[in-house]
Structures are given as structure tokens and as C-alpha cells.
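input.cif follows (mmCIF, C-alpha atoms):
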```cif
data_protein
loop_
_atom_site.group_PDB
_atom_site.id
_atom_site.type_symbol
_atom_site.label_atom_id
_atom_site.label_comp_id
_atom_site.auth_asym_id
_atom_site.auth_seq_id
_atom_site.Cartn_x
_atom_site.Cartn_y
_atom_site.Cartn_z
ATOM 1 C CA MET A 1 71.166 125.773 96.310
ATOM 2 C CA ILE A 2 72.017 126.537 99.957
ATOM 3 C CA ALA A 3 72.216 122.817 100.752
ATOM 4 C CA GLN A 4 74.586 122.312 97.818
ATOM 5 C CA GLN A 5 76.698 125.225 99.026
ATOM 6 C CA ILE A 6 76.979 123.719 102.525
ATOM 7 C CA ALA A 7 77.802 120.282 101.091
ATOM 8 C CA PHE A 8 80.464 121.825 98.884
ATOM 9 C CA GLY A 9 81.998 123.624 101.853
ATOM 10 C CA ILE A 10 82.181 120.464 103.948
ATOM 11 C CA LEU A 11 83.598 118.394 101.081
ATOM 12 C CA ALA A 12 86.136 121.042 100.088
ATOM 13 C CA ALA A 13 87.374 121.540 103.648
ATOM 14 C CA THR A 14 87.682 117.774 104.160
ATOM 15 C CA MET A 15 89.564 117.321 100.896
ATOM 16 C CA VAL A 16 92.017 120.166 101.491
ATOM 17 C CA LEU A 17 92.740 119.105 105.080
ATOM 18 C CA ALA A 18 93.128 115.434 104.119
ATOM 19 C CA SER A 19 95.438 116.253 101.210
ATOM 20 C CA LEU A 20 97.546 118.557 103.393
ATOM 21 C CA ARG A 21 97.876 115.717 105.889
ATOM 22 C CA LEU A 22 98.622 113.341 102.999
ATOM 23 C CA VAL A 23 101.706 115.284 101.931
ATOM 24 C CA THR A 24 102.965 115.832 105.492
ATOM 25 C CA THR A 25 102.171 112.595 107.340
ATOM 26 C CA LYS A 26 105.022 110.411 108.519
ATOM 27 C CA ASN A 27 103.088 107.182 108.008
ATOM 28 C CA VAL A 28 102.851 105.725 104.503
ATOM 29 C CA VAL A 29 99.750 103.628 105.252
ATOM 30 C CA HIS A 30 97.952 106.677 106.671
ATOM 31 C CA ALA A 31 98.861 108.539 103.471
ATOM 32 C CA GLY A 32 97.149 105.827 101.409
ATOM 33 C CA LEU A 33 94.001 105.988 103.530
ATOM 34 C CA LEU A 34 93.976 109.802 103.384
ATOM 35 C CA LEU A 35 94.229 109.533 99.602
ATOM 36 C CA ALA A 36 91.038 107.442 99.708
ATOM 37 C CA VAL A 37 89.376 110.251 101.711
ATOM 38 C CA VAL A 38 90.407 112.882 99.150
ATOM 39 C CA LEU A 39 89.239 110.759 96.213
ATOM 40 C CA GLY A 40 85.920 110.018 97.944
ATOM 41 C CA GLY A 41 85.454 113.745 98.497
ATOM 42 C CA ALA A 42 86.078 114.293 94.798
ATOM 43 C CA ALA A 43 83.359 111.727 94.044
ATOM 44 C CA GLY A 44 81.024 113.789 96.250
ATOM 45 C CA ILE A 45 81.981 116.925 94.311
ATOM 46 C CA PHE A 46 81.138 115.113 91.062
ATOM 47 C CA VAL A 47 77.690 114.201 92.442
ATOM 48 C CA LEU A 48 77.149 117.877 93.332
ATOM 49 C CA LEU A 49 77.937 118.722 89.701
ATOM 50 C CA ALA A 50 75.356 116.143 88.467
ATOM 51 C CA ALA A 51 78.072 113.822 87.126
ATOM 52 C CA GLU A 52 76.902 110.701 88.928
ATOM 53 C CA TYR A 53 78.396 108.264 86.402
ATOM 54 C CA VAL A 54 81.885 109.732 86.790
ATOM 55 C CA ALA A 55 81.410 109.672 90.575
ATOM 56 C CA VAL A 56 80.734 105.929 90.485
ATOM 57 C CA VAL A 57 83.684 105.319 88.169
ATOM 58 C CA GLN A 58 85.829 107.429 90.488
ATOM 59 C CA ILE A 59 84.933 105.238 93.470
ATOM 60 C CA LEU A 60 85.374 101.999 91.514
ATOM 61 C CA VAL A 61 88.638 102.830 89.767
ATOM 62 C CA TYR A 62 90.367 105.199 92.190
ATOM 63 C CA ILE A 63 89.323 103.995 95.625
ATOM 64 C CA GLY A 64 88.806 100.403 94.485
ATOM 65 C CA ALA A 65 91.891 99.914 92.349
ATOM 66 C CA VAL A 66 94.425 102.752 92.578
ATOM 67 C CA VAL A 67 94.446 103.055 96.380
ATOM 68 C CA VAL A 68 94.681 99.266 96.682
ATOM 69 C CA ILE A 69 97.617 99.181 94.240
ATOM 70 C CA LEU A 70 99.350 101.929 96.222
ATOM 71 C CA LEU A 71 98.786 100.096 99.526
ATOM 72 C CA PHE A 72 100.095 96.891 97.945
ATOM 73 C CA GLY A 73 103.133 98.843 96.774
ATOM 74 C CA THR A 74 103.580 100.164 100.311
ATOM 75 C CA MET A 75 103.661 96.609 101.623
ATOM 76 C CA LEU A 76 105.849 95.229 98.825
ATOM 77 C CA THR A 77 108.456 97.959 99.268
ATOM 78 C CA ARG A 78 108.498 97.113 102.989
ATOM 79 C CA ALA A 79 107.808 100.624 104.155
ATOM 80 C CA ARG A 80 107.605 100.785 107.897
ATOM 81 C CA ILE A 81 104.051 100.273 109.106
ATOM 82 C CA GLY A 82 104.061 103.102 111.564
ATOM 83 C CA GLU A 83 106.023 106.283 111.961
ATOM 84 C CA ASP A 84 108.860 106.857 109.549
ATOM 85 C CA THR A 85 110.995 109.959 109.890
ATOM 86 C CA ASP A 86 112.795 109.662 106.584
ATOM 87 C CA LEU A 87 110.058 110.456 104.047
ATOM 88 C CA ASP A 88 110.788 114.081 103.112
ATOM 89 C CA ASN A 89 113.869 115.319 101.324
ATOM 90 C CA ASP A 90 115.774 118.459 102.280
ATOM 91 C CA GLN A 91 114.131 120.658 99.620
ATOM 92 C CA ARG A 92 110.950 120.846 101.673
ATOM 93 C CA TRP A 93 110.938 124.617 102.144
ATOM 94 C CA LEU A 94 111.775 125.252 98.502
ATOM 95 C CA ALA A 95 108.937 122.915 97.508
ATOM 96 C CA ALA A 96 106.547 124.777 99.828
ATOM 97 C CA ILE A 97 107.555 128.094 98.258
ATOM 98 C CA VAL A 98 107.024 126.706 94.736
ATOM 99 C CA ALA A 99 103.617 125.262 95.641
ATOM 100 C CA LEU A 100 102.462 128.464 97.362
ATOM 101 C CA PHE A 101 103.637 130.553 94.408
ATOM 102 C CA MET A 102 101.729 128.263 92.052
ATOM 103 C CA LEU A 103 98.605 128.452 94.196
ATOM 104 C CA GLY A 104 98.882 132.234 94.300
ATOM 105 C CA VAL A 105 99.298 132.644 90.553
ATOM 106 C CA THR A 106 96.623 130.146 89.478
ATOM 107 C CA GLY A 107 94.254 131.303 92.219
ATOM 108 C CA THR A 108 94.556 134.957 91.214
ATOM 109 C CA VAL A 109 94.148 134.217 87.524
ATOM 110 C CA LEU A 110 91.145 131.926 88.071
ATOM 111 C CA TRP A 111 89.510 134.386 90.460
ATOM 112 C CA GLN A 112 89.888 137.286 88.048
ATOM 113 C CA GLY A 113 88.975 135.286 84.983
ATOM 114 C CA PHE A 114 86.024 133.196 86.130
ATOM 115 C CA ARG A 115 84.423 135.178 88.974
ATOM 116 C CA HIS A 116 81.774 136.511 86.585
ATOM 117 C CA ALA A 117 82.065 133.829 83.912
ATOM 118 C CA GLY A 118 78.858 133.417 81.917
ATOM 119 C CA GLY A 119 77.213 136.487 83.511
ATOM 120 C CA ASP A 120 76.790 135.602 87.184
ATOM 121 C CA GLY A 121 79.576 133.018 87.439
ATOM 122 C CA LYS A 122 77.210 130.317 88.664
ATOM 123 C CA VAL A 123 76.921 126.710 87.584
ATOM 124 C CA HIS A 124 73.351 126.079 86.425
ATOM 125 C CA LEU A 125 72.407 122.430 86.445
ATOM 126 C CA ASN A 126 69.259 122.882 84.368
ATOM 127 C CA GLY A 127 70.356 120.652 81.511
ATOM 128 C CA VAL A 128 71.152 117.767 83.846
ATOM 129 C CA GLN A 129 73.698 115.533 82.139
ATOM 130 C CA ARG A 130 72.549 111.976 82.404
ATOM 131 C CA ALA A 131 74.740 108.927 81.974
ATOM 132 C CA ALA A 132 72.942 108.295 78.663
ATOM 133 C CA GLN A 133 74.393 111.532 77.300
ATOM 134 C CA VAL A 134 77.901 110.475 78.373
ATOM 135 C CA SER A 135 77.567 107.093 76.694
ATOM 136 C CA ASP A 136 76.217 108.690 73.510
ATOM 137 C CA LEU A 137 79.345 110.846 73.403
ATOM 138 C CA ILE A 138 81.803 108.035 74.220
ATOM 139 C CA PHE A 139 80.384 105.630 71.653
ATOM 140 C CA GLY A 140 79.697 108.384 69.123
ATOM 141 C CA PRO A 141 82.050 111.303 68.445
ATOM 142 C CA TYR A 142 84.661 110.102 70.969
ATOM 143 C CA GLY A 143 84.717 106.485 69.778
ATOM 144 C CA ILE A 144 88.267 106.587 68.454
ATOM 145 C CA PRO A 145 89.784 108.112 71.638
ATOM 146 C CA PHE A 146 87.863 105.454 73.579
ATOM 147 C CA GLU A 147 89.509 102.682 71.531
ATOM 148 C CA VAL A 148 92.896 104.360 71.916
ATOM 149 C CA ALA A 149 92.347 104.381 75.704
ATOM 150 C CA SER A 150 91.732 100.630 75.615
ATOM 151 C CA VAL A 151 94.985 100.116 73.662
ATOM 152 C CA LEU A 152 96.752 102.318 76.230
ATOM 153 C CA LEU A 153 95.433 100.195 79.095
ATOM 154 C CA LEU A 154 96.571 97.016 77.326
ATOM 155 C CA ALA A 155 100.017 98.510 76.706
ATOM 156 C CA ALA A 156 100.265 99.611 80.338
ATOM 157 C CA LEU A 157 99.270 96.119 81.501
ATOM 158 C CA VAL A 158 101.890 94.429 79.324
ATOM 159 C CA GLY A 159 104.454 97.093 80.217
ATOM 160 C CA ALA A 160 103.887 96.747 83.957
ATOM 161 C CA VAL A 161 104.272 92.962 83.747
ATOM 162 C CA ALA A 162 107.386 93.285 81.574
ATOM 163 C CA ILE A 163 108.993 95.829 83.918
ATOM 164 C CA ALA A 164 108.197 94.118 87.208
ATOM 165 C CA ARG A 165 108.669 90.440 86.412
ATOM 166 C CA ARG A 166 111.642 88.552 87.773
ATOM 167 C CA ASP A 167 113.807 86.737 85.229
ATOM 168 C CA MET B 1 77.171 127.275 93.230
ATOM 169 C CA TYR B 2 79.854 129.419 91.711
ATOM 170 C CA LEU B 3 82.184 127.973 89.082
ATOM 171 C CA VAL B 4 85.188 129.713 90.609
ATOM 172 C CA GLU B 5 84.780 127.801 93.899
ATOM 173 C CA TYR B 6 85.392 124.527 92.114
ATOM 174 C CA LEU B 7 88.323 125.952 90.177
ATOM 175 C CA LEU B 8 89.949 127.272 93.362
ATOM 176 C CA LEU B 9 89.456 123.909 95.104
ATOM 177 C CA ALA B 10 91.120 122.183 92.167
ATOM 178 C CA ALA B 11 93.972 124.712 92.190
ATOM 179 C CA ALA B 12 94.527 124.116 95.908
ATOM 180 C CA LEU B 13 94.587 120.337 95.477
ATOM 181 C CA PHE B 14 96.939 120.628 92.495
ATOM 182 C CA SER B 15 99.351 122.860 94.434
ATOM 183 C CA ILE B 16 99.332 120.464 97.382
ATOM 184 C CA GLY B 17 100.115 117.658 94.918
ATOM 185 C CA VAL B 18 103.013 119.670 93.504
ATOM 186 C CA TYR B 19 104.364 120.137 97.027
ATOM 187 C CA GLY B 20 104.075 116.396 97.621
ATOM 188 C CA VAL B 21 105.905 115.502 94.414
ATOM 189 C CA LEU B 22 108.723 117.943 95.179
ATOM 190 C CA ALA B 23 109.127 117.326 98.915
ATOM 191 C CA ARG B 24 108.650 113.573 99.265
ATOM 192 C CA LYS B 25 111.413 111.105 98.625
ATOM 193 C CA ASN B 26 109.483 107.877 99.074
ATOM 194 C CA GLY B 27 108.481 106.682 95.592
ATOM 195 C CA VAL B 28 105.034 105.470 96.675
ATOM 196 C CA LEU B 29 104.220 108.847 98.267
ATOM 197 C CA VAL B 30 105.272 110.644 95.075
ATOM 198 C CA LEU B 31 102.843 108.462 93.103
ATOM 199 C CA MET B 32 100.085 109.337 95.601
ATOM 200 C CA SER B 33 100.778 113.048 95.116
ATOM 201 C CA ILE B 34 100.571 112.587 91.332
ATOM 202 C CA GLU B 35 97.137 110.998 91.796
ATOM 203 C CA LEU B 36 96.146 114.095 93.786
ATOM 204 C CA MET B 37 97.145 116.334 90.871
ATOM 205 C CA LEU B 38 95.290 114.225 88.281
ATOM 206 C CA ASN B 39 92.213 114.314 90.491
ATOM 207 C CA ALA B 40 92.332 118.102 90.679
ATOM 208 C CA VAL B 41 92.294 118.184 86.877
ATOM 209 C CA ASN B 42 89.203 115.939 86.876
ATOM 210 C CA ILE B 43 87.362 118.382 89.157
ATOM 211 C CA ASN B 44 88.180 121.178 86.698
ATOM 212 C CA LEU B 45 86.927 119.146 83.738
ATOM 213 C CA ILE B 46 83.641 118.206 85.420
ATOM 214 C CA ALA B 47 83.063 121.752 86.694
ATOM 215 C CA PHE B 48 83.564 123.251 83.240
ATOM 216 C CA GLY B 49 81.377 120.550 81.693
ATOM 217 C CA ALA B 50 78.547 121.334 84.121
ATOM 218 C CA PHE B 51 79.084 125.059 83.580
ATOM 219 C CA ARG B 52 78.797 124.703 79.809
ATOM 220 C CA GLY B 53 75.775 122.424 80.171
ATOM 221 C CA ASN B 54 77.162 119.482 78.195
ATOM 222 C CA ALA B 55 78.675 116.111 79.044
ATOM 223 C CA ILE B 56 81.979 116.448 77.154
ATOM 224 C CA GLY B 57 83.785 117.372 80.372
ATOM 225 C CA GLN B 58 82.659 114.082 81.900
ATOM 226 C CA VAL B 59 83.930 112.161 78.858
ATOM 227 C CA PHE B 60 87.352 113.733 79.208
ATOM 228 C CA ALA B 61 87.358 113.075 82.960
ATOM 229 C CA LEU B 62 86.730 109.389 82.210
ATOM 230 C CA PHE B 63 89.704 109.387 79.832
ATOM 231 C CA VAL B 64 91.860 111.037 82.507
ATOM 232 C CA ILE B 65 90.781 108.338 84.989
ATOM 233 C CA ALA B 66 91.799 105.629 82.490
ATOM 234 C CA VAL B 67 95.180 107.266 81.900
ATOM 235 C CA ALA B 68 95.699 107.661 85.665
ATOM 236 C CA ALA B 69 94.997 103.960 86.200
ATOM 237 C CA ALA B 70 97.542 103.037 83.506
ATOM 238 C CA GLU B 71 100.035 105.509 84.976
ATOM 239 C CA VAL B 72 99.798 104.147 88.502
ATOM 240 C CA GLY B 73 100.230 100.586 87.202
ATOM 241 C CA VAL B 74 103.414 101.358 85.297
ATOM 242 C CA GLY B 75 104.667 103.729 88.017
ATOM 243 C CA MET B 76 104.246 101.106 90.709
ATOM 244 C CA ALA B 77 106.069 98.558 88.524
ATOM 245 C CA ILE B 78 108.987 100.986 88.195
ATOM 246 C CA VAL B 79 109.024 101.664 91.955
ATOM 247 C CA LEU B 80 109.042 97.911 92.643
ATOM 248 C CA LEU B 81 111.919 97.451 90.199
ATOM 249 C CA ILE B 82 113.887 100.222 91.927
ATOM 250 C CA PHE B 83 113.171 98.590 95.271
ATOM 251 C CA ARG B 84 114.333 95.205 93.979
ATOM 252 C CA ASN B 85 117.588 96.617 92.626
ATOM 253 C CA ARG B 86 118.449 98.951 95.516
ATOM 254 C CA ALA B 87 116.441 97.628 98.487
ATOM 255 C CA SER B 88 115.029 101.131 99.017
ATOM 256 C CA VAL B 89 112.484 103.443 97.374
ATOM 257 C CA ASN B 90 114.389 106.580 98.294
ATOM 258 C CA LEU B 91 114.243 108.677 95.114
ATOM 259 C CA ASP B 92 117.199 110.820 96.212
ATOM 260 C CA GLU B 93 119.442 107.790 95.749
ATOM 261 C CA VAL B 94 118.294 107.264 92.155
ATOM 262 C CA ASP B 95 120.828 109.712 90.721
ATOM 263 C CA LEU B 96 122.624 107.642 88.090
ATOM 264 C CA MET B 97 122.096 110.364 85.464
ATOM 265 C CA ARG B 98 123.357 113.221 87.673
ATOM 266 C CA GLY B 99 126.307 114.914 85.973
#
```
I'd like the structure from this file rewritten - as C-alpha cells, please.
Amino acid sequence: MIAQQIAFGILAATMVLASLRLVTTKNVVHAGLLLAVVLGGAAGIFVLLAAEYVAVVQILVYIGAVVVILLFGTMLTRARIGEDTDLDNDQRWLAAIVALFMLGVTGTVLWQGFRHAGGDGKVHLNGVQRAAQVSDLIFGPYGIPFEVASVLLLAALVGAVAIARRD
Amino acid sequence: MYLVEYLLLAAALFSIGVYGVLARKNGVLVLMSIELMLNAVNINLIAFGAFRGNAIGQVFALFVIAVAAAEVGVGMAIVLLIFRNRASVNLDEVDLMRG
């Protein structure tokens, strides 16, 4: 349990620092690479929570596809490769106030509500959730949402082509 | 491992994503911040699933990942279209519907 605690601390610190840098960096390409760091840290968090299948999907879909799409978009929109001073708008301080307020409210509520959740407030990984259990759920009770997700992906594919094509 | 640690991490990531969406004016960076927020939600779902001892949280996280992939595809298409029409992805200039 101590090892998991240390791993969580390292991952959490890395993710928070990388995401803070992501929203403040002046370099769009660096932002894309920092996003990969944050998403990889989230995959590590999923492994800590015994969700290894979701961790693999996270790496494949997010780091493999989403980050690549975003970097392609960076290139196609001809963002400057390098420092760019004109990335933030002039509501930066207002946005910081809103985000800090949100963090304060949600943090307080979560701390008060879940500090002692389930008795001691700890996550017990006794009933380890294997990938078999996930697949039984997806192809059993959640079969219809699964099919709807496939229709959504098809619609998004067709929609993206229809929006972005030149004619 | 305490459940509340994971929830606070997710809250921090979500708030940072909110800051990014509000403060950035490059369309690609706004999409990246949205991915940050969706990812924070996934951490919440997995943490609650592990806490409750079942795999339903993981199923919902997989659905969120699918929706996020669809969202980034369509979002990037829209950003590219804006870039093609205006030669810039500055979202402050996209104010056609401002009264």
C-alpha cells in the first residue's frame, strides 16, 4: 500500500505540473507533448486502480490517436513552431479566478463528502476487476450503449469529412 | 489509497482544463484543454468503480474515451475549417454572432 501511495504521489505531481505548464506554455507543440505526459500519467493512475484494460485503451486512443490528431492540427493550422506570444486572450485573470473558485468549491465538497466514504475512505482492491469482467459488462447489460457508441463514431467520421473537405 | 485523493486530483485537472478553455485563444489549445477535462472525468469514474468494487466505472470510462475521440475529430475539422476561411485559429476573431 505504501508503494502505491508513493506511485500515486509521483504520478499526481507530474500530472498537475504538466497540465499547469500545458495551459501556460507559449509553444503549441510543447503543449501537445505535455498533453501526452498528462494522459500517460492518467494511464498510470488507472493501473494503480487495477483498471489495466482502460489504461491500455487510454494509451492507444489518447496518446496514439488524439495527441497525433492535435499535433497534425497544429501543423495544418500553421502555428509557429517555437515561441508564440499571442496564445492567451485578455480574460486570463478572470479565467484564473473562475478556475480557482471551481477548484475551491469542488475540492471542499469532495473532501467533506468522501473523506470517510465507505467507513475508512480507502479504495480496497480485493475484488480485482479483470478485463473479462469489463467485456462481460460491455457485451451484456451495456450492449446497446456500445452499439450507440459505434454509430456515434461513424457519424463523427462522416461529419468530420463533410466539414473539412474542400469543394 | 484513499478515494478522496483521486477525486481531488481529478478536480485539480478539471479546474486547470477550465482555465485553459477560458484563457486560451488558439483553437487547438482549447481542444487540448477539453481533453484534459474529459480525462479528469475518467479518473473519477475509474476511482469510483474501484471503490465500489465493480467494473461499471471502467465501462463508462471506455464510453467517455470513445466520445472524446469523436469530439476531437469533429472539433479539429471545425478548427481547420475556421483556419481555411480566416487564415487564423484565433477564437476571439470568431465573433459573427456577437450582438
Open item on the list: At a cut-off of 8 Å, using only C-alpha atoms, what residues contact B:Ala68? Leave out same-chain residues fewer than 3 positions from it and give the result as a list in words.
Closed with: Glu35, Leu38, Val64, Ile65, Glu71 and Val72 of chain B
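Taken over the shown file, the PyMOL selection byres ((chain B and resi 91) around 9) identifies B:Arg24, B:Lys25, B:Asn26, B:Gly27, B:Ser88, B:Val89, B:Asn90, B:Asp92, B:Glu93, B:Val94, B:Asp95.
All residues of protein, DNA or RNA that reach within 6 Å of stretch 11-23 of chain B, judged by only C-alpha atoms and not counting those fewer than 2 positions away in the chain, are Val23, Asp88, Asn89, Arg92, Ala95, Ala96, Ala99 and Leu103 of chain A; Leu8, Leu9, Val30, Ser33, Leu36, Met37 and Ala40 of chain B.
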- [ ] Rank A:Met75, A:Val16, A:Val47, A:Ile59 by their smallest atom-to-atom distance to chain B, using all atoms listed in the file, and report the top residue only.
- [x] A:Val16
Task: Result set of the PyMOL selection byres ((chain B and resi 56-60) around 7) on the coordinates above, as a list in words - done: Ala51, Val54, Val134 and Ile138 of chain A; Leu45, Ile46, Phe48, Gly49, Asn54, Ala55, Ala61, Leu62, Phe63 and Val64 of chain B
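Checking A:Leu153, A:Ile69, A:Ala12, A:Ala42 one by one against A:Ala55, counting all atoms listed in the file, you find the shortest gap at A:Ala42.
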- [ ] Could you tell me which residues the PyMOL selection byres ((chain A and resi 34) around 12) returns for this structure, as a PyMOL selection string?
- [x] (chain A and resi 14-25+27-33+35-41+63+67+70-71) or (chain B and resi 29+32-33+36)
Open item on the list: Could you tell me how far atom CA of B:Arg86 sits from atom CA of B:Val28, in Å to one decimal place?
Closed with: 15.0 Å
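In this structure, atom CA of B:Tyr2 sits 16.2 Å away from atom CA of A:Ala13.
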Listed atoms of stretch 52-70 of chain A boxed along x, y and z, 5 Å each side, centre and edge lengths in Å, one decimal, as JSON:
```
{"center_x": 88.1, "center_y": 104.9, "center_z": 91.5, "size_x": 32.4, "size_y": 21.5, "size_z": 20.3}
```
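When only C-alpha atoms are used to measure the gap to chain B, the shortest distance among A:Ala132, A:Val123, A:Gly113, A:Leu48 belongs to A:Val123.
With only C-alpha atoms as the basis for measurement, A:Leu152 is the residue among A:Ala131, A:Leu152, A:Ile45, A:Leu76 that approaches B:Val74 most closely.
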- [ ] May I ask for the distance between atom CA of A:Gly119 and atom CA of A:Ala50, given in Å to one decimal place?
- [x] 21.0 Å
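Each of A:Leu60, A:Ala160, A:Leu125, A:Val151 was checked against A:Ala43 using all atoms listed in the file; the smallest atom-to-atom distance is that of A:Leu60.
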Task: Counting all atoms listed in the file, the residue of A:Phe72, A:Phe101, A:Phe114, A:Phe139 that sits nearest chain B - done: A:Phe114
Could you please fill out stretch 34-45 of chain A with N, CA and C atoms and send it back as a compact mmCIF listing (two decimals), keeping the file's coordinate frame?
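result_15.txt, freshly written:
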```
# COMPACT_ATOMS: atom_id res chain seq x y z
N LEU A 34 94.38 108.41 103.61
CA LEU A 34 93.98 109.80 103.38
C LEU A 34 93.72 110.07 101.91
N LEU A 35 94.49 109.39 101.04
CA LEU A 35 94.23 109.53 99.60
C LEU A 35 92.83 109.03 99.28
N ALA A 36 92.41 107.93 99.92
CA ALA A 36 91.04 107.44 99.71
C ALA A 36 90.02 108.49 100.15
N VAL A 37 90.30 109.20 101.26
CA VAL A 37 89.38 110.25 101.71
C VAL A 37 89.26 111.35 100.66
N VAL A 38 90.42 111.80 100.14
CA VAL A 38 90.41 112.88 99.15
C VAL A 38 89.65 112.45 97.90
N LEU A 39 89.90 111.22 97.44
CA LEU A 39 89.24 110.76 96.21
C LEU A 39 87.74 110.57 96.44
N GLY A 40 87.35 110.11 97.64
CA GLY A 40 85.92 110.02 97.94
C GLY A 40 85.27 111.39 97.98
N GLY A 41 85.98 112.38 98.53
CA GLY A 41 85.45 113.74 98.50
C GLY A 41 85.27 114.24 97.09
N ALA A 42 86.21 113.89 96.20
CA ALA A 42 86.08 114.29 94.80
C ALA A 42 84.85 113.63 94.18
N ALA A 43 84.58 112.37 94.55
CA ALA A 43 83.36 111.73 94.04
C ALA A 43 82.12 112.50 94.51
N GLY A 44 82.13 112.97 95.77
CA GLY A 44 81.02 113.79 96.25
C GLY A 44 80.87 115.07 95.46
N ILE A 45 82.01 115.70 95.13
CA ILE A 45 81.98 116.92 94.31
C ILE A 45 81.36 116.63 92.95
```
